[in-house]
>>> print(open('run.tsv').read())   # TSV, C-alpha atoms
chain	number	residue	atom	x	y	z
A	1166	MET	CA	0.00	0.00	0.00
A	1167	GLU	CA	1.40	3.36	-1.03
A	1168	TYR	CA	0.85	6.33	1.27
A	1169	CYS	CA	2.67	9.36	2.61
A	1170	ILE	CA	2.74	11.15	5.94
A	1171	VAL	CA	1.67	14.79	5.62
A	1172	PRO	CA	0.66	17.60	7.98
A	1173	MET	CA	-3.01	17.21	8.86
A	1174	THR	CA	-5.25	19.90	7.36
A	1175	ARG	CA	-8.95	20.70	7.51
A	1176	ILE	CA	-9.34	18.69	4.29
A	1177	HIS	CA	-8.50	15.56	6.30
A	1178	THR	CA	-10.65	16.18	9.38
A	1179	GLY	CA	-13.88	14.63	8.06
A	1180	GLN	CA	-12.17	11.33	7.29
A	1181	ILE	CA	-10.22	11.48	10.56
A	1182	ALA	CA	-13.50	11.99	12.47
A	1183	ASP	CA	-14.77	8.81	10.76
A	1184	ILE	CA	-11.64	6.93	11.89
A	1185	GLU	CA	-12.17	8.29	15.42
A	1186	ARG	CA	-15.71	6.86	15.48
A	1187	LEU	CA	-14.42	3.47	14.32
A	1188	CYS	CA	-11.53	3.33	16.80
A	1189	PHE	CA	-12.60	4.99	20.04
A	1190	PRO	CA	-15.65	4.75	22.33
A	1191	ASP	CA	-15.41	8.53	22.99
A	1192	PRO	CA	-14.34	9.92	19.61
A	1193	TRP	CA	-13.16	13.46	19.02
A	1194	SER	CA	-15.56	15.59	16.97
A	1195	ARG	CA	-14.68	17.06	13.61
A	1196	GLN	CA	-14.82	20.51	15.20
A	1197	LEU	CA	-12.28	19.50	17.85
A	1198	LEU	CA	-10.02	18.03	15.15
A	1199	GLU	CA	-10.26	21.28	13.17
A	1200	GLU	CA	-9.28	23.24	16.28
A	1201	LEU	CA	-6.29	20.93	16.66
A	1202	VAL	CA	-5.21	21.70	13.08
A	1203	ASP	CA	-5.29	25.41	13.92
A	1204	HIS	CA	-3.52	25.07	17.30
A	1205	ALA	CA	-0.03	26.59	17.18
A	1206	GLY	CA	1.38	24.11	19.71
A	1207	ALA	CA	0.13	21.00	17.92
A	1208	VAL	CA	1.86	18.54	15.64
A	1209	SER	CA	-0.84	16.78	13.63
A	1210	LEU	CA	-0.10	14.22	10.93
A	1211	ALA	CA	-2.15	12.22	8.44
A	1212	ALA	CA	-1.22	9.06	6.57
A	1213	VAL	CA	-2.78	9.61	3.15
A	1214	GLY	CA	-3.13	7.07	0.35
A	1215	GLU	CA	-2.48	7.83	-3.30
A	1216	ASP	CA	-6.19	8.49	-3.85
A	1217	GLY	CA	-6.38	11.00	-0.98
A	1218	THR	CA	-7.96	8.59	1.50
A	1219	VAL	CA	-6.83	9.13	5.09
A	1220	LEU	CA	-5.56	5.79	6.41
A	1221	GLY	CA	-4.56	7.00	9.87
A	1222	TYR	CA	-3.41	9.96	11.88
A	1223	ALA	CA	-1.47	11.06	14.92
A	1224	SER	CA	-1.45	14.26	16.90
A	1225	ALA	CA	0.52	15.70	19.78
A	1226	GLN	CA	0.50	18.97	21.65
A	1227	THR	CA	3.57	20.70	22.97
A	1228	VAL	CA	3.93	22.72	26.15
A	1229	LEU	CA	7.37	24.29	26.45
A	1230	ASP	CA	9.72	21.29	25.95
A	1231	GLU	CA	7.10	18.61	26.67
A	1232	GLY	CA	5.12	16.61	24.11
A	1233	TYR	CA	1.77	15.00	24.83
A	1234	ILE	CA	0.40	12.57	22.24
A	1235	ASN	CA	-3.37	12.97	21.91
A	1236	ASN	CA	-4.19	10.07	19.59
A	1237	VAL	CA	-2.66	7.62	17.18
A	1238	ALA	CA	-5.28	5.83	15.10
A	1239	VAL	CA	-5.34	3.76	11.93
A	1240	HIS	CA	-8.47	2.77	10.04
A	1241	PRO	CA	-9.25	-0.84	11.03
A	1242	ALA	CA	-9.04	-2.00	7.39
A	1243	CYS	CA	-5.49	-0.60	7.12
A	1244	ARG	CA	-3.92	-1.95	10.31
A	1245	ARG	CA	-0.80	-4.11	10.53
A	1246	GLN	CA	0.79	-2.42	7.53
A	1247	GLY	CA	3.25	-0.16	9.37
A	1248	ILE	CA	1.16	3.00	9.26
A	1249	ALA	CA	1.11	3.58	13.03
A	1250	SER	CA	4.87	2.97	13.14
A	1251	ARG	CA	5.50	5.55	10.43
A	1252	LEU	CA	3.30	8.06	12.24
A	1253	LEU	CA	5.18	7.45	15.50
A	1254	GLU	CA	8.53	7.78	13.71
A	1255	GLU	CA	7.46	11.14	12.29
A	1256	LEU	CA	6.22	12.34	15.70
A	1257	ARG	CA	9.62	11.35	17.10
A	1258	ARG	CA	11.46	13.17	14.32
A	1259	GLN	CA	9.42	16.32	14.87
A	1260	GLY	CA	9.80	16.04	18.65
A	1261	GLU	CA	13.58	15.89	18.26
A	1262	ALA	CA	13.50	18.86	15.86
A	1263	LEU	CA	11.49	20.85	18.41
A	1264	GLU	CA	14.06	19.84	21.06
A	1265	LEU	CA	11.41	18.29	23.29
A	1266	ALA	CA	12.49	16.57	26.49
A	1267	PHE	CA	9.95	13.78	25.96
A	1268	LEU	CA	6.81	12.55	24.28
A	1269	THR	CA	4.22	10.88	26.51
A	1270	LEU	CA	0.82	9.26	26.08
A	1271	GLU	CA	-1.90	7.28	27.80
A	1272	VAL	CA	-2.98	3.86	26.54
A	1273	ARG	CA	-5.72	1.58	27.83
A	1274	ALA	CA	-4.38	-1.04	30.23
A	1275	SER	CA	-6.10	-3.74	28.13
A	1276	ASN	CA	-4.61	-2.55	24.82
A	1277	HIS	CA	-1.57	-4.79	24.82
A	1278	ALA	CA	-1.04	-4.47	21.05
A	1279	ALA	CA	-0.71	-0.68	21.31
A	1280	GLN	CA	1.55	-0.99	24.35
A	1281	ALA	CA	3.82	-3.35	22.40
A	1282	LEU	CA	3.89	-0.93	19.46
A	1283	TYR	CA	4.88	1.97	21.69
A	1284	ALA	CA	7.52	-0.14	23.46
A	1285	LYS	CA	8.94	-1.09	20.05
A	1286	HIS	CA	9.43	2.64	19.43
A	1287	GLY	CA	11.23	3.24	22.73
A	1288	TYR	CA	8.33	4.27	24.96
A	1289	LEU	CA	8.66	3.01	28.53
A	1290	GLU	CA	5.92	2.54	31.10
A	1291	ALA	CA	6.03	5.57	33.38
A	1292	GLY	CA	2.95	5.19	35.55
A	1293	CYS	CA	-0.76	4.55	35.72
A	1294	ARG	CA	-3.83	6.80	35.79
A	1295	ARG	CA	-6.53	4.93	37.71
A	1296	ASN	CA	-9.99	4.89	36.11
A	1297	TYR	CA	-8.83	7.30	33.39
A	1298	TYR	CA	-11.13	5.96	30.66
A	1299	GLU	CA	-14.92	6.10	30.98
A	1300	HIS	CA	-16.40	3.73	28.37
A	1301	PRO	CA	-15.61	1.19	29.63
A	1302	ARG	CA	-14.01	2.39	32.88
A	1303	GLU	CA	-10.38	1.40	32.75
A	1304	ASP	CA	-6.92	2.43	33.88
A	1305	ALA	CA	-4.51	4.18	31.53
A	1306	ILE	CA	-0.87	3.19	31.32
A	1307	LEU	CA	1.42	6.20	30.88
A	1308	MET	CA	4.22	5.56	28.40
A	1309	THR	CA	7.03	8.03	27.76
A	1310	LEU	CA	9.82	8.41	25.23
A	1311	GLU	CA	12.63	10.60	26.55
A	1312	PHE	CA	14.89	12.51	24.18
A	1313	GLU	CA	18.60	13.10	24.72
A	1314	ASN	CA	18.06	16.85	24.86
A	1315	GLY	CA	15.78	16.33	27.87
A	1316	THR	CA	16.48	16.90	31.52
A	1317	GLU	CA	18.70	13.88	32.19
A	1318	SER	CA	22.46	14.38	32.65
A	1319	ASP	CA	24.52	13.69	29.54
A	1320	ASP	CA	28.13	13.72	28.34
A	1321	ALA	CA	27.93	17.42	27.50
A	1322	GLY	CA	27.79	18.19	31.19
A	1323	ARG	CA	24.22	19.41	31.42
A	1324	VAL	CA	22.79	18.80	34.83
A	1325	GLY	CA	19.19	17.90	35.41
A	1326	GLY	CA	16.89	15.13	36.43
A	1327	SER	CA	15.22	14.57	39.75
A	1328	ILE	CA	16.59	14.71	43.25
>>> encode(input="run.tsv", output="structure tokens")
Amino acid sequence: MEYCIVPMTRIHTGQIADIERLCFPDPWSRQLLEELVDHAGAVSLAAVGEDGTVLGYASAQTVLDEGYINNVAVHPACRRQGIASRLLEELRRQGEALELAFLTLEVRASNHAAQALYAKHGYLEAGCRRNYYEHPREDAILMTLEFENGTESDDAGRVGGSI
């Protein structure tokens, strides 16, 4: 399957809203997705097929040097073809370019496939948010990817981290 990763635009939001409804019990609205496109602190990506069909998307918001992944979703008919991996790789590339300290996300405790995907891309379990999800009620596992330009000490002599 041929596709490319492009910045998400309003042209994509209708199809992305459809993917949201297929993938999540509490989907984001088209209006919310359009606001995300317009948000200055957001990195929003779409995986688009040759015919213009949106196959998946990913979005993150940045606050100072922190990155928070909102959603990564791939149309159910297009899964297991590397699309989510390519989206995560591009989020990582953009996070490094923005000199973020980390990217972090929440994933359902029961979603072992997604947890394995994130782990494959270097995300480590960083905690748990009890009863984070509503439908059905479920814990969220926090997973974080730290970048070298983050707050940890490194060979360049920067000092940081926790006490």
>>> closest_residue(input="run.tsv", among="A:His1277, A:Arg1245, A:His1286, A:Arg1195", to="A:Ala1182", atoms="only C-alpha atoms")
A:Arg1195
>>> atom_distance(input="run.tsv", atom1="atom CA of A:Gln1246", atom2="atom CA of A:Leu1198")
24.4 Å
>>> residues_around(input="run.tsv", residues="A:Phe1312", least_positions_apart="3", cutoff="7 Å", atoms="only C-alpha atoms", output="PyMOL selection string")
chain A and resi 1261+1265-1267+1315
>>> closest_residue(input="run.tsv", among="A:Glu1303, A:Glu1167, A:Glu1264, A:Glu1290", to="A:Glu1215", atoms="all atoms listed in the file")
A:Glu1167
>>> closest_residue(input="run.tsv", among="A:His1177, A:His1240, A:His1204, A:Arg1257", to="A:Glu1313", atoms="only C-alpha atoms")
A:Arg1257
>>> atom_distance(input="run.tsv", atom1="atom CA of A:Asn1296", atom2="atom CA of A:Glu1185")
21.1 Å
>>> closest_residue(input="run.tsv", among="A:Tyr1222, A:Asp1203, A:Phe1189, A:Arg1258", to="A:Val1272", atoms="only C-alpha atoms")
A:Phe1189
>>> closest_residue(input="run.tsv", among="A:Cys1243, A:Ala1238, A:Cys1188, A:Ile1181", to="A:Leu1201", atoms="all atoms listed in the file")
A:Ile1181
>>> residues_around(input="run.tsv", residues="A:Arg1175", least_positions_apart="4", cutoff="8 Å", atoms="only C-alpha atoms", output="number ranges by chain")
A: 1179, 1199, 1202
>>> atom_distance(input="run.tsv", atom1="atom CA of A:Gly1206", atom2="atom CA of A:Ala1225")
8.5 Å
>>> closest_residue(input="run.tsv", among="A:Ser1250, A:Thr1227, A:Ser1275, A:Gln1259", to="A:Gly1287", atoms="only C-alpha atoms")
A:Ser1250
>>> residues_around(input="run.tsv", residues="A:Pro1172", least_positions_apart="6", cutoff="12 Å", atoms="all atoms listed in the file", output="VMD selection string")
chain A and resid 1178 1201 to 1203 1207 to 1213 1219 1221 to 1225 1252 1255 to 1256 1259
>>> axis_aligned_box(input="run.tsv", around="stretch 1282-1290 of chain A", padding_each_side="6 Å", output="lines of an AutoDock Vina configuration file")
center_x = 7.6
center_y = 1.6
center_z = 25.3
size_x = 19.3
size_y = 17.4
size_z = 23.7
